[in-house]
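The data block below is entry27.tsv; it holds TSV, C-alpha atoms.
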chain	number	residue	atom	x	y	z
A	442	MET	CA	-57.62	-182.63	-11.38
A	443	GLU	CA	-59.97	-183.52	-14.23
A	444	PHE	CA	-58.87	-185.70	-17.15
A	445	ARG	CA	-60.68	-186.04	-20.47
A	446	TYR	CA	-60.42	-189.54	-21.91
A	447	ARG	CA	-61.31	-191.48	-25.06
A	448	GLY	CA	-61.15	-195.20	-25.68
A	449	ARG	CA	-63.24	-198.36	-25.86
A	450	ASP	CA	-64.90	-200.65	-23.35
A	451	ARG	CA	-64.53	-204.43	-23.06
A	452	VAL	CA	-66.90	-205.12	-25.97
A	453	GLY	CA	-65.33	-202.52	-28.24
A	454	ASN	CA	-67.86	-199.70	-27.88
A	455	PRO	CA	-66.35	-196.18	-27.94
A	456	VAL	CA	-66.32	-194.36	-24.60
A	457	SER	CA	-65.34	-190.83	-23.65
A	458	GLY	CA	-65.84	-188.48	-20.76
A	459	VAL	CA	-64.24	-186.57	-17.92
A	460	LEU	CA	-62.74	-188.26	-14.87
A	461	GLU	CA	-61.51	-186.64	-11.65
A	462	ALA	CA	-58.32	-188.02	-10.10
A	463	ALA	CA	-55.38	-186.75	-8.06
A	464	SER	CA	-52.86	-187.64	-10.79
A	465	GLU	CA	-52.60	-189.08	-14.30
A	466	THR	CA	-51.39	-192.41	-12.90
A	467	LEU	CA	-54.47	-192.75	-10.67
A	468	ALA	CA	-56.70	-191.75	-13.60
A	469	VAL	CA	-55.23	-194.51	-15.79
A	470	LYS	CA	-55.62	-197.06	-12.97
A	471	ARG	CA	-59.28	-196.15	-12.40
A	472	LEU	CA	-60.10	-196.31	-16.10
A	473	ARG	CA	-58.48	-199.73	-16.34
A	474	ASP	CA	-60.44	-200.88	-13.29
A	475	MET	CA	-63.59	-199.75	-15.12
A	476	GLY	CA	-62.65	-202.02	-18.04
A	477	TYR	CA	-61.74	-199.26	-20.47
A	478	TYR	CA	-58.92	-199.38	-23.03
A	479	ILE	CA	-57.76	-195.79	-23.27
A	480	SER	CA	-56.44	-194.28	-26.50
A	481	GLN	CA	-56.30	-190.66	-25.34
A	482	LEU	CA	-55.99	-189.06	-21.91
A	483	GLU	CA	-55.27	-185.42	-21.22
A	484	ALA	CA	-55.72	-183.04	-18.32
A	485	GLU	CA	-58.47	-180.49	-18.68
A	486	ARG	CA	-57.09	-177.01	-19.19
A	487	GLU	CA	-58.09	-174.44	-16.61
A	488	ARG	CA	-60.25	-171.59	-17.81
A	489	TRP	CA	-59.95	-168.24	-16.05
A	490	GLN	CA	-63.16	-166.28	-16.50
A	491	LEU	CA	-63.27	-163.75	-13.65
A	492	GLY	CA	-65.09	-166.15	-11.39
A	493	GLY	CA	-67.38	-167.33	-14.19
A	494	LEU	CA	-69.13	-163.96	-14.54
A	495	PHE	CA	-68.70	-164.01	-18.31
A	496	SER	CA	-69.15	-167.74	-18.82
A	497	GLN	CA	-71.97	-168.65	-21.16
A	498	GLN	CA	-72.38	-172.05	-19.53
A	499	PRO	CA	-73.30	-171.76	-15.83
A	500	ARG	CA	-71.86	-174.30	-13.45
A	501	VAL	CA	-74.04	-177.07	-12.07
A	502	GLY	CA	-74.04	-176.49	-8.33
A	503	LEU	CA	-74.81	-178.90	-5.54
A	504	ARG	CA	-78.30	-177.41	-5.19
A	505	ASP	CA	-79.08	-178.02	-8.88
A	506	LEU	CA	-77.82	-181.60	-8.68
A	507	ALA	CA	-79.75	-182.37	-5.49
A	508	LEU	CA	-82.97	-180.96	-6.96
A	509	PHE	CA	-82.53	-182.92	-10.21
A	510	THR	CA	-81.86	-186.15	-8.30
A	511	ARG	CA	-84.87	-185.69	-6.00
A	512	GLN	CA	-87.20	-184.90	-8.91
A	513	LEU	CA	-85.94	-187.84	-10.97
A	514	ALA	CA	-86.48	-190.21	-8.03
A	515	VAL	CA	-90.05	-188.96	-7.57
A	516	VAL	CA	-90.89	-189.18	-11.28
A	517	LEU	CA	-89.48	-192.72	-11.59
A	518	LYS	CA	-91.38	-193.73	-8.46
A	519	SER	CA	-94.59	-192.65	-10.17
A	520	GLY	CA	-94.06	-195.26	-12.88
A	521	LEU	CA	-92.58	-193.35	-15.83
A	522	ASN	CA	-89.69	-194.94	-17.69
A	523	LEU	CA	-86.25	-193.32	-17.48
A	524	ALA	CA	-86.19	-191.67	-20.93
A	525	THR	CA	-89.65	-190.12	-20.42
A	526	ALA	CA	-88.70	-188.94	-16.93
A	527	LEU	CA	-85.53	-187.28	-18.25
A	528	GLY	CA	-87.56	-185.61	-20.99
A	529	ALA	CA	-89.97	-184.18	-18.44
A	530	LEU	CA	-87.14	-182.84	-16.26
A	531	GLU	CA	-85.37	-181.37	-19.27
A	532	LYS	CA	-88.31	-179.04	-19.91
A	533	GLN	CA	-88.47	-177.64	-16.39
A	534	THR	CA	-84.79	-177.39	-15.45
A	535	GLU	CA	-83.68	-173.76	-15.20
A	536	ASN	CA	-79.90	-174.28	-15.26
A	537	ALA	CA	-78.92	-174.12	-18.95
A	538	ARG	CA	-75.91	-176.41	-18.63
A	539	LEU	CA	-77.80	-179.04	-16.67
A	540	ARG	CA	-80.68	-178.84	-19.14
A	541	SER	CA	-78.24	-179.54	-21.98
A	542	ILE	CA	-76.73	-182.47	-20.05
A	543	ILE	CA	-80.19	-183.94	-19.36
A	544	ALA	CA	-80.98	-183.76	-23.08
A	545	THR	CA	-77.76	-185.66	-23.82
A	546	LEU	CA	-78.55	-188.23	-21.12
A	547	ARG	CA	-82.02	-188.78	-22.56
A	548	GLY	CA	-80.57	-189.35	-26.04
A	549	ASP	CA	-77.97	-191.80	-24.71
A	550	VAL	CA	-80.60	-193.76	-22.75
A	551	GLU	CA	-82.92	-193.90	-25.76
A	552	SER	CA	-80.05	-195.26	-27.86
A	553	GLY	CA	-79.65	-198.17	-25.43
A	554	MET	CA	-76.86	-196.94	-23.17
A	555	SER	CA	-77.19	-197.62	-19.46
A	556	PHE	CA	-77.94	-194.61	-17.27
A	557	ALA	CA	-74.69	-195.04	-15.31
A	558	SER	CA	-72.62	-195.11	-18.52
A	559	ALA	CA	-74.42	-192.00	-19.76
A	560	LEU	CA	-73.71	-190.21	-16.49
A	561	GLN	CA	-70.08	-191.22	-16.71
A	562	GLN	CA	-69.68	-189.06	-19.82
A	563	HIS	CA	-70.21	-185.99	-17.61
A	564	GLY	CA	-67.68	-186.67	-14.87
A	565	SER	CA	-67.31	-183.01	-13.91
A	566	VAL	CA	-70.97	-182.95	-12.77
A	567	PHE	CA	-71.73	-186.52	-11.71
A	568	ARG	CA	-68.99	-187.70	-9.36
A	569	PRO	CA	-67.97	-191.36	-8.85
A	570	THR	CA	-70.26	-191.60	-5.80
A	571	TYR	CA	-73.24	-190.73	-7.99
A	572	VAL	CA	-72.28	-192.92	-10.96
A	573	ASN	CA	-71.47	-196.02	-8.93
A	574	SER	CA	-74.64	-195.72	-6.86
A	575	VAL	CA	-76.73	-195.46	-10.03
A	576	MET	CA	-74.88	-198.43	-11.50
A	577	ALA	CA	-75.70	-200.52	-8.43
A	578	GLY	CA	-79.31	-199.30	-8.51
A	579	GLU	CA	-79.72	-200.29	-12.14
A	580	THR	CA	-78.20	-203.72	-11.47
A	581	GLY	CA	-80.43	-204.31	-8.44
A	582	GLY	CA	-83.60	-202.91	-10.05
A	583	ASP	CA	-83.99	-200.20	-7.41
A	584	LEU	CA	-82.97	-197.06	-9.31
A	585	ASP	CA	-85.66	-194.82	-7.82
A	586	GLY	CA	-84.74	-195.89	-4.27
A	587	VAL	CA	-81.03	-195.31	-4.89
A	588	LEU	CA	-81.75	-191.88	-6.37
A	589	ALA	CA	-83.86	-191.00	-3.33
A	590	ARG	CA	-80.95	-191.93	-1.02
A	591	LEU	CA	-78.54	-189.97	-3.23
A	592	ALA	CA	-80.83	-186.94	-3.10
A	593	SER	CA	-80.96	-187.11	0.70
A	594	SER	CA	-77.17	-187.36	0.87
A	595	LEU	CA	-76.71	-184.42	-1.51
A	596	GLU	CA	-79.22	-182.32	0.45
A	597	ARG	CA	-77.42	-182.97	3.73
A	598	ASP	CA	-74.07	-182.19	2.09
A	599	LEU	CA	-75.55	-178.96	0.72
A	600	GLU	CA	-76.87	-178.03	4.16
A	601	LEU	CA	-73.47	-178.70	5.73
A	602	THR	CA	-71.66	-176.65	3.08
A	603	GLN	CA	-74.07	-173.74	3.44
A	604	LYS	CA	-73.58	-173.65	7.21
A	605	VAL	CA	-69.82	-173.35	6.84
A	606	LYS	CA	-70.06	-170.81	4.01
A	607	SER	CA	-72.55	-168.64	5.88
A	608	ALA	CA	-70.21	-168.62	8.87
A	609	MET	CA	-67.32	-167.55	6.64
A	610	TYR	CA	-69.21	-164.88	4.68
A	611	TYR	CA	-69.97	-162.69	7.70
A	612	PRO	CA	-66.41	-162.18	8.98
A	613	ILE	CA	-65.09	-161.82	5.41
A	614	ALA	CA	-67.72	-159.20	4.61
A	615	VAL	CA	-67.04	-157.28	7.83
A	616	ALA	CA	-63.28	-157.46	7.24
A	617	CYS	CA	-63.68	-156.10	3.69
A	618	ILE	CA	-65.89	-153.26	4.94
A	619	ALA	CA	-63.32	-152.51	7.65
A	620	VAL	CA	-60.47	-152.39	5.11
A	621	LEU	CA	-62.48	-150.11	2.80
A	622	LEU	CA	-63.49	-147.85	5.68
A	623	ILE	CA	-59.98	-147.48	7.08
A	624	GLY	CA	-58.56	-147.09	3.57
A	625	GLY	CA	-61.11	-144.37	2.80
A	626	ILE	CA	-60.20	-142.48	5.96
A	627	LEU	CA	-56.48	-142.71	5.18
A	628	VAL	CA	-56.81	-141.69	1.53
A	629	PHE	CA	-59.60	-139.08	1.59
A	630	VAL	CA	-59.97	-137.73	5.15
A	631	LEU	CA	-56.49	-137.72	6.67
A	632	PRO	CA	-54.82	-135.59	3.92
A	633	THR	CA	-56.97	-132.63	5.07
A	634	PHE	CA	-55.44	-132.78	8.55
A	635	THR	CA	-51.99	-133.41	7.10
A	636	ALA	CA	-52.11	-130.03	5.36
A	637	ILE	CA	-53.09	-128.33	8.64
A	638	PHE	CA	-50.22	-130.01	10.48
A	639	ALA	CA	-47.76	-128.96	7.75
A	640	GLU	CA	-48.83	-125.33	8.01
A	641	SER	CA	-48.47	-125.32	11.80
A	642	GLY	CA	-44.82	-126.40	11.60
A	643	MET	CA	-45.13	-128.28	14.88
A	644	PRO	CA	-43.19	-131.53	15.42
A	645	LEU	CA	-45.55	-134.51	15.10
A	646	PRO	CA	-45.58	-137.52	17.45
A	647	LEU	CA	-44.46	-140.89	16.09
A	648	PRO	CA	-47.97	-142.43	15.72
A	649	THR	CA	-49.10	-139.44	13.68
A	650	ARG	CA	-46.04	-139.63	11.40
A	651	MET	CA	-46.62	-143.36	10.87
A	652	VAL	CA	-50.28	-142.91	9.96
A	653	ILE	CA	-49.49	-139.99	7.64
A	654	GLY	CA	-46.78	-142.07	5.94
A	655	LEU	CA	-49.27	-144.90	5.45
A	656	SER	CA	-51.79	-142.44	4.00
A	657	VAL	CA	-49.27	-140.98	1.55
A	658	GLY	CA	-48.11	-144.43	0.52
A	659	LEU	CA	-51.65	-145.68	-0.13
A	660	LYS	CA	-52.51	-142.61	-2.19
A	661	LYS	CA	-49.27	-142.68	-4.19
A	662	TYR	CA	-49.01	-146.41	-4.83
A	663	ALA	CA	-52.70	-147.43	-4.86
A	664	LEU	CA	-52.53	-148.90	-8.39
A	665	LEU	CA	-49.36	-150.85	-7.67
A	666	ILE	CA	-50.86	-152.18	-4.44
A	667	LEU	CA	-54.00	-153.38	-6.28
A	668	ILE	CA	-51.90	-155.03	-8.99
A	669	GLY	CA	-49.75	-156.67	-6.32
A	670	LEU	CA	-52.78	-158.00	-4.47
A	671	ALA	CA	-54.26	-159.39	-7.71
A	672	ALA	CA	-50.95	-161.06	-8.56
A	673	LEU	CA	-50.75	-162.47	-5.02
A	674	VAL	CA	-54.25	-163.96	-5.27
A	675	ILE	CA	-53.61	-165.49	-8.71
A	676	GLY	CA	-50.21	-166.81	-7.64
A	677	ALA	CA	-51.63	-168.30	-4.44
A	678	GLY	CA	-54.41	-169.97	-6.44
A	679	ARG	CA	-51.91	-171.58	-8.81
A	680	LEU	CA	-49.66	-172.60	-5.94
A	681	LEU	CA	-52.52	-174.28	-4.09
A	682	ARG	CA	-53.20	-176.45	-7.15
A	683	ARG	CA	-49.75	-178.05	-6.92
A	684	PRO	CA	-50.03	-181.61	-5.53
A	685	ASP	CA	-47.13	-181.20	-3.09
A	686	VAL	CA	-48.51	-177.95	-1.67
A	687	ARG	CA	-52.01	-179.40	-1.44
A	688	ARG	CA	-50.69	-182.44	0.39
A	689	SER	CA	-48.80	-180.29	2.91
A	690	LEU	CA	-51.90	-178.19	3.55
A	691	ASP	CA	-54.13	-181.26	3.88
A	692	GLU	CA	-51.74	-182.63	6.48
A	693	LEU	CA	-51.71	-179.33	8.36
A	694	LYS	CA	-55.41	-178.37	8.34
A	695	PRO	CA	-56.72	-181.01	10.80
A	696	LYS	CA	-53.94	-180.03	13.25
A	697	LEU	CA	-54.74	-176.30	13.37
A	698	PRO	CA	-55.68	-175.02	16.86
A	699	VAL	CA	-59.25	-173.82	16.30
A	700	VAL	CA	-60.21	-174.53	12.68
A	701	GLY	CA	-58.71	-178.04	12.80
A	702	LYS	CA	-61.60	-179.34	14.89
A	703	LEU	CA	-64.10	-178.16	12.27
A	704	VAL	CA	-62.03	-179.71	9.47
A	705	ARG	CA	-61.94	-183.09	11.24
A	706	GLN	CA	-65.69	-183.01	11.91
A	707	MET	CA	-66.46	-182.23	8.25
A	708	ILE	CA	-64.19	-185.05	7.05
A	709	VAL	CA	-65.87	-187.58	9.35
A	710	ALA	CA	-69.38	-186.41	8.42
A	711	ARG	CA	-68.68	-186.47	4.68
A	712	PHE	CA	-66.93	-189.85	4.76
A	713	SER	CA	-69.62	-191.49	6.89
A	714	ARG	CA	-72.54	-190.20	4.83
A	715	THR	CA	-70.94	-191.03	1.48
A	716	PHE	CA	-69.87	-194.49	2.64
A	717	ALA	CA	-73.36	-195.18	4.01
A	718	THR	CA	-75.00	-193.99	0.77
A	719	LEU	CA	-72.79	-196.23	-1.36
A	720	LEU	CA	-73.33	-199.30	0.85
A	721	GLY	CA	-77.08	-198.65	0.88
A	722	ALA	CA	-77.07	-198.47	-2.92
A	723	GLY	CA	-75.39	-201.89	-3.11
A	724	VAL	CA	-71.90	-200.75	-4.15
A	725	PRO	CA	-69.25	-203.35	-3.13
A	726	LEU	CA	-67.40	-202.55	0.08
A	727	LEU	CA	-63.92	-201.98	-1.40
A	728	GLU	CA	-65.28	-199.78	-4.19
A	729	ALA	CA	-67.36	-197.84	-1.67
A	730	LEU	CA	-64.26	-197.26	0.48
A	731	ARG	CA	-62.29	-195.97	-2.49
A	732	ILE	CA	-64.99	-193.54	-3.58
A	733	ALA	CA	-65.71	-192.36	-0.02
A	734	GLY	CA	-62.01	-191.65	0.36
A	735	GLU	CA	-62.03	-189.45	-2.73
A	736	VAL	CA	-64.87	-187.22	-1.53
A	737	VAL	CA	-63.41	-186.29	1.87
A	738	GLY	CA	-61.39	-183.54	0.19
A	739	ASN	CA	-58.12	-184.43	1.93
A	740	VAL	CA	-55.30	-186.27	0.14
A	741	VAL	CA	-53.69	-187.55	3.34
A	742	VAL	CA	-56.94	-188.99	4.71
A	743	GLN	CA	-57.68	-190.46	1.28
A	744	GLU	CA	-54.39	-192.37	1.39
A	745	GLU	CA	-55.16	-193.61	4.91
A	746	ILE	CA	-58.60	-194.83	3.77
A	747	ALA	CA	-56.84	-196.72	0.97
A	748	THR	CA	-54.95	-198.64	3.68
A	749	VAL	CA	-58.34	-199.58	5.18
A	750	ALA	CA	-59.22	-201.32	1.91
A	751	GLU	CA	-55.90	-203.17	2.04
A	752	GLY	CA	-56.68	-204.30	5.59
A	753	VAL	CA	-60.12	-205.55	4.55
A	754	LYS	CA	-58.51	-207.49	1.69
A	755	ARG	CA	-56.23	-209.17	4.26
A	756	GLY	CA	-59.29	-210.35	6.15
A	757	GLU	CA	-59.52	-207.73	8.89
A	758	ASN	CA	-62.88	-206.49	10.06
A	759	LEU	CA	-63.68	-203.03	8.72
A	760	ALA	CA	-63.51	-201.43	12.18
A	761	VAL	CA	-59.91	-202.52	12.82
A	762	PRO	CA	-58.12	-200.57	10.03
A	763	LEU	CA	-60.56	-197.66	10.51
A	764	SER	CA	-59.32	-197.33	14.09
A	765	ARG	CA	-55.80	-196.66	12.76
A	766	ILE	CA	-56.79	-193.50	10.87
A	767	ARG	CA	-55.58	-190.57	12.97
A	768	THR	CA	-58.20	-188.10	11.75
A	769	PHE	CA	-61.13	-190.36	12.65
A	770	PRO	CA	-62.33	-190.42	16.27
A	771	PRO	CA	-62.44	-193.77	18.15
A	772	LEU	CA	-66.24	-193.51	18.18
A	773	LEU	CA	-66.36	-194.11	14.41
A	774	SER	CA	-64.54	-197.45	14.53
A	775	GLN	CA	-66.47	-198.50	17.67
A	776	MET	CA	-69.86	-197.88	16.06
A	777	VAL	CA	-68.75	-199.57	12.84
A	778	ALA	CA	-67.70	-202.61	14.93
A	779	ILE	CA	-71.17	-202.70	16.51
A	780	GLY	CA	-72.70	-202.35	13.06
A	781	GLU	CA	-70.65	-205.24	11.72
A	782	GLU	CA	-71.83	-207.49	14.55
A	783	ALA	CA	-75.47	-206.46	14.06
A	784	GLY	CA	-75.31	-206.37	10.24
A	785	SER	CA	-76.21	-202.67	10.16
A	786	VAL	CA	-73.02	-200.83	9.18
A	787	GLU	CA	-74.96	-198.49	6.89
A	788	THR	CA	-77.31	-197.46	9.72
A	789	MET	CA	-74.42	-196.82	12.11
A	790	LEU	CA	-72.56	-194.73	9.54
A	791	THR	CA	-75.68	-192.64	8.92
A	792	ARG	CA	-76.05	-192.00	12.66
A	793	ILE	CA	-72.40	-190.94	12.87
A	794	ALA	CA	-72.89	-188.57	9.94
A	795	ASP	CA	-76.00	-187.05	11.54
A	796	MET	CA	-74.18	-186.64	14.85
A	797	TYR	CA	-71.18	-184.94	13.26
A	798	ASP	CA	-73.44	-182.69	11.18
A	799	LEU	CA	-74.79	-181.37	14.48
A	800	GLU	CA	-71.26	-181.00	15.85
A	801	VAL	CA	-70.23	-179.04	12.75
A	802	ASP	CA	-73.20	-176.73	13.33
A	803	GLN	CA	-72.20	-176.17	16.97
A	804	THR	CA	-68.55	-175.61	16.08
A	805	VAL	CA	-69.48	-173.11	13.37
A	806	ARG	CA	-71.65	-171.20	15.83
A	807	GLY	CA	-68.82	-171.18	18.35
A	808	LEU	CA	-66.29	-169.93	15.79
A	809	THR	CA	-68.70	-167.22	14.65
A	810	SER	CA	-69.23	-166.01	18.22
A	811	LEU	CA	-65.44	-165.99	18.66
A	812	VAL	CA	-64.67	-164.14	15.42
A	813	GLU	CA	-67.30	-161.39	15.79
A	814	PRO	CA	-65.75	-159.64	18.84
A	815	LEU	CA	-62.26	-160.14	17.38
A	816	ILE	CA	-63.23	-158.32	14.18
A	817	ILE	CA	-64.91	-155.53	16.16
A	818	LEU	CA	-61.77	-155.21	18.29
A	819	VAL	CA	-59.50	-154.99	15.25
A	820	LEU	CA	-61.81	-152.55	13.46
A	821	GLY	CA	-62.19	-150.37	16.55
A	822	GLY	CA	-58.47	-150.49	17.21
A	823	GLY	CA	-57.61	-149.42	13.67
A	824	ILE	CA	-60.02	-146.50	13.64
A	825	GLY	CA	-59.04	-145.58	17.20
A	826	LEU	CA	-55.36	-145.43	16.22
A	827	ILE	CA	-56.13	-143.11	13.32
A	828	VAL	CA	-58.32	-140.84	15.45
A	829	ALA	CA	-55.72	-140.72	18.22
A	830	SER	CA	-52.92	-139.92	15.75
A	831	VAL	CA	-54.98	-136.97	14.44
A	832	PHE	CA	-56.06	-135.58	17.80
A	833	LEU	CA	-52.67	-135.75	19.54
A	834	PRO	CA	-51.15	-132.93	17.43
A	835	MET	CA	-54.48	-131.08	17.45
A	836	VAL	CA	-54.39	-130.98	21.26
A	837	SER	CA	-50.78	-129.81	21.14
A	838	MET	CA	-51.75	-127.03	18.73
A	839	VAL	CA	-54.61	-125.89	20.96
A	840	GLN	CA	-52.35	-125.89	24.02
A	841	ALA	CA	-49.74	-123.87	22.12
A	842	LEU	CA	-52.32	-121.30	21.08
A	843	GLY	CA	-53.68	-121.12	24.64
A	844	GLY	CA	-50.19	-120.66	26.06
This entry written out as structure tokens:
Amino acid sequence: MEFRYRGRDRVGNPVSGVLEAASETLAVKRLRDMGYYISQLEAERERWQLGGLFSQQPRVGLRDLALFTRQLAVVLKSGLNLATALGALEKQTENARLRSIIATLRGDVESGMSFASALQQHGSVFRPTYVNSVMAGETGGDLDGVLARLASSLERDLELTQKVKSAMYYPIAVACIAVLLIGGILVFVLPTFTAIFAESGMPLPLPTRMVIGLSVGLKKYALLILIGLAALVIGAGRLLRRPDVRRSLDELKPKLPVVGKLVRQMIVARFSRTFATLLGAGVPLLEALRIAGEVVGNVVVQEEIATVAEGVKRGENLAVPLSRIRTFPPLLSQMVAIGEEAGSVETMLTRIADMYDLEVDQTVRGLTSLVEPLIILVLGGGIGLIVASVFLPMVSMVQALGG
């Protein structure tokens, strides 16, 4: 959930922005940890806009953010100051919403605000990983280097997301085409044969009666069926936003027979890369753990990662509490243990992320090769059933005429 807040910082300056948190209690805790005294906090209201088709402000996607970050890192590396660099990017950014945000960032920086504080005002676009990395980069005087690492992390995350989406689009598209094709046959083609069967007066076999009943029902109640499907989709969307339902699903997804493996691989890859990026930027270990836990996209795993921070506070090595997280493979804690001994935890985490990116790619390919014949089988079976139900009485009619 996203929460819009207003208040003041430790020195009394007004602050406002949008913060993402699982609940209002966690939002208040995070704002207090940031040193803010909050006077107003409210959940952002959801806007339903038919998938954003009629929204005047386009969303800032991962591709837009990665491109902006990479360009800003390059421009700063060339020697321009931050305000001038933001001004240059503002002129060439195509996304209208991002262009407006960059203009606001430039104004805030020119007025003396730190870049991290300016980014924090746009929490729906710049996540805690981004803001905290920039904050560490500004403190350490290596903002361009931190932005370059952030850009690389965003680009890999974008690549990973696109692989999974592309694997999902194909079966969904084929399934939709199959539904439309079978529906078209039932609604527009089958009624012609139904009239012929009615005129013949012959008793129809059970499969034919079932298919004809389905055809009549689709034609008669098409509008009600569409309304019901729309209501089902909207209701499911609202139900999935409930914290208790989301938690139950997050606990179930890694345990699923086939898809669960892909879910676990994505969680490990995302956690490892985000954690490595934050440590490389100079973010403190406990803060990096908290933020990396938030980006895995799983409430249950996020809570388990919080116990890792508690273990580190008690004096345990990082690898020990990591080994207790059920979703993480033993290899993760083993490589982290080696990294702790060699002083190269960030490098080890990056290698794990790269390795699991490859595993995600292989798993996606395997799932795609598994789903393709299954869809063809279902599509062929559906059409075959309809054809058979039509030809059975036709054969009987021909035999009757011949006899």
Minimum-distance residue to Val652 in chain A, chosen among A:Pro695, A:Gly669, A:Gly502, A:Pro632 (using only C-alpha atoms):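 Smallest separation from Val652 in chain A among the options: A:Pro632.
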| said: When you count only C-alpha atoms, which of these residues is closest to Val501 in chain A: A:Ala671, A:Glu535, A:Ala526, A:Ile479? | reply: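 Among the listed residues, A:Glu535 lies closest to Val501 in chain A.
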Students should find that CA of Ile542 in chain A and CA of Gly678 in chain A are spaced 29.0 Å
**OP:** Taking (-80.6, -191.5, -22.2) in the file's own coordinates, collect the residues within 7 Å, counting only C-alpha atoms, and hand them back as a list in words.
**Re:** Ala524, Thr545, Leu546, Arg547, Gly548, Asp549, Val550, Glu551, Ser552, Met554, Phe556 and Ala559 of chain A
Restricting it to C-alpha atoms, dump the selection as a short mmCIF file (atom, residue, chain, number, x, y, z; two decimals), in the coordinates of the input.
data_model
loop_
_atom_site.label_atom_id
_atom_site.label_comp_id
_atom_site.auth_asym_id
_atom_site.auth_seq_id
_atom_site.Cartn_x
_atom_site.Cartn_y
_atom_site.Cartn_z
CA ALA A 524 -86.19 -191.67 -20.93
CA THR A 545 -77.76 -185.66 -23.82
CA LEU A 546 -78.55 -188.23 -21.12
CA ARG A 547 -82.02 -188.78 -22.56
CA GLY A 548 -80.57 -189.35 -26.04
CA ASP A 549 -77.97 -191.80 -24.71
CA VAL A 550 -80.60 -193.76 -22.75
CA GLU A 551 -82.92 -193.90 -25.76
CA SER A 552 -80.05 -195.26 -27.86
CA MET A 554 -76.86 -196.94 -23.17
CA PHE A 556 -77.94 -194.61 -17.27
CA ALA A 559 -74.42 -192.00 -19.76
#
Place a sphere of radius 12 Å on (-51.7, -195.8, -26.6) in the file coordinates and name every protein, DNA or RNA residue with an atom inside or on its surface, counting only C-alpha atoms; give the answer as number ranges by chain. A: 446-449, 469, 478-482
Subject >> Nearest to Leu730 in chain A by atom-to-atom distance, counting all atoms listed in the file, from A:Thr510, A:Gly453, A:Arg767, A:Asn573 >> reply: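 The closest residue to Leu730 in chain A is A:Asn573.
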re CA of Thr525 in chain A and CA of Pro455 in chain A: distance 25.2 Å
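Closest approach to Glu787 in chain A among A:Asn758, A:Gln743, A:Ser713, A:Ser774 is made by A:Ser713 (distances from all atoms listed in the file).
For range 511-522 of chain A, the residues within 10 Å (counting all atoms listed in the file, excluding itself and residues fewer than 2 positions away along the chain) are Leu506, Ala507, Leu508, Phe509, Ala524, Thr525, Ala526, Leu527, Ala529, Leu530, Asp583, Leu584, Asp585, Gly586, Val587, Leu588, Ala589, Arg590, Leu591, Ala592, Ser593, Leu595 and Glu596 of chain A.
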Atom pair CA of Leu773 in chain A + CA of Phe716 in chain A, distance 12.3 Å
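Distances to Gly528 in chain A were evaluated for A:Ala760, A:Leu664, A:Ala544, A:Val620 using all atoms listed in the file, and the minimum falls at A:Ala544.
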Can you tell me which residues surround Val805 in chain A at a distance of at most 10 Å, considering all atoms listed in the file, apart from same-chain residues fewer than 2 positions away, and format the answer as number ranges by chain? A: 604-609, 700, 703, 799-803, 807-811
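Compared by their closest atoms to Phe638 in chain A, and using all atoms listed in the file, the residues A:Arg500, A:Arg650, A:Ala677, A:Leu560 rank with A:Arg650 nearest.
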Check: Neighbours of Gln706 in chain A within 10 Å (only C-alpha atoms; same-chain residues fewer than 3 positions away dropped), as a VMD selection string?
Finding: chain A and resid 695 701 to 703 709 to 712 768 to 770 794 796 to 802 804
Do you know which residues are at most 7 Å from Arg714 in chain A counting all atoms listed in the file, after dropping those on the same chain fewer than 5 positions away, and could you put them as a compact mmCIF listing (two decimals) with C-alpha atoms, keeping the file's coordinate frame?
# COMPACT_ATOMS: atom_id res chain seq x y z
CA SER A 594 -77.17 -187.36 0.87
CA LEU A 790 -72.56 -194.73 9.54
CA THR A 791 -75.68 -192.64 8.92
CA ALA A 794 -72.89 -188.57 9.94
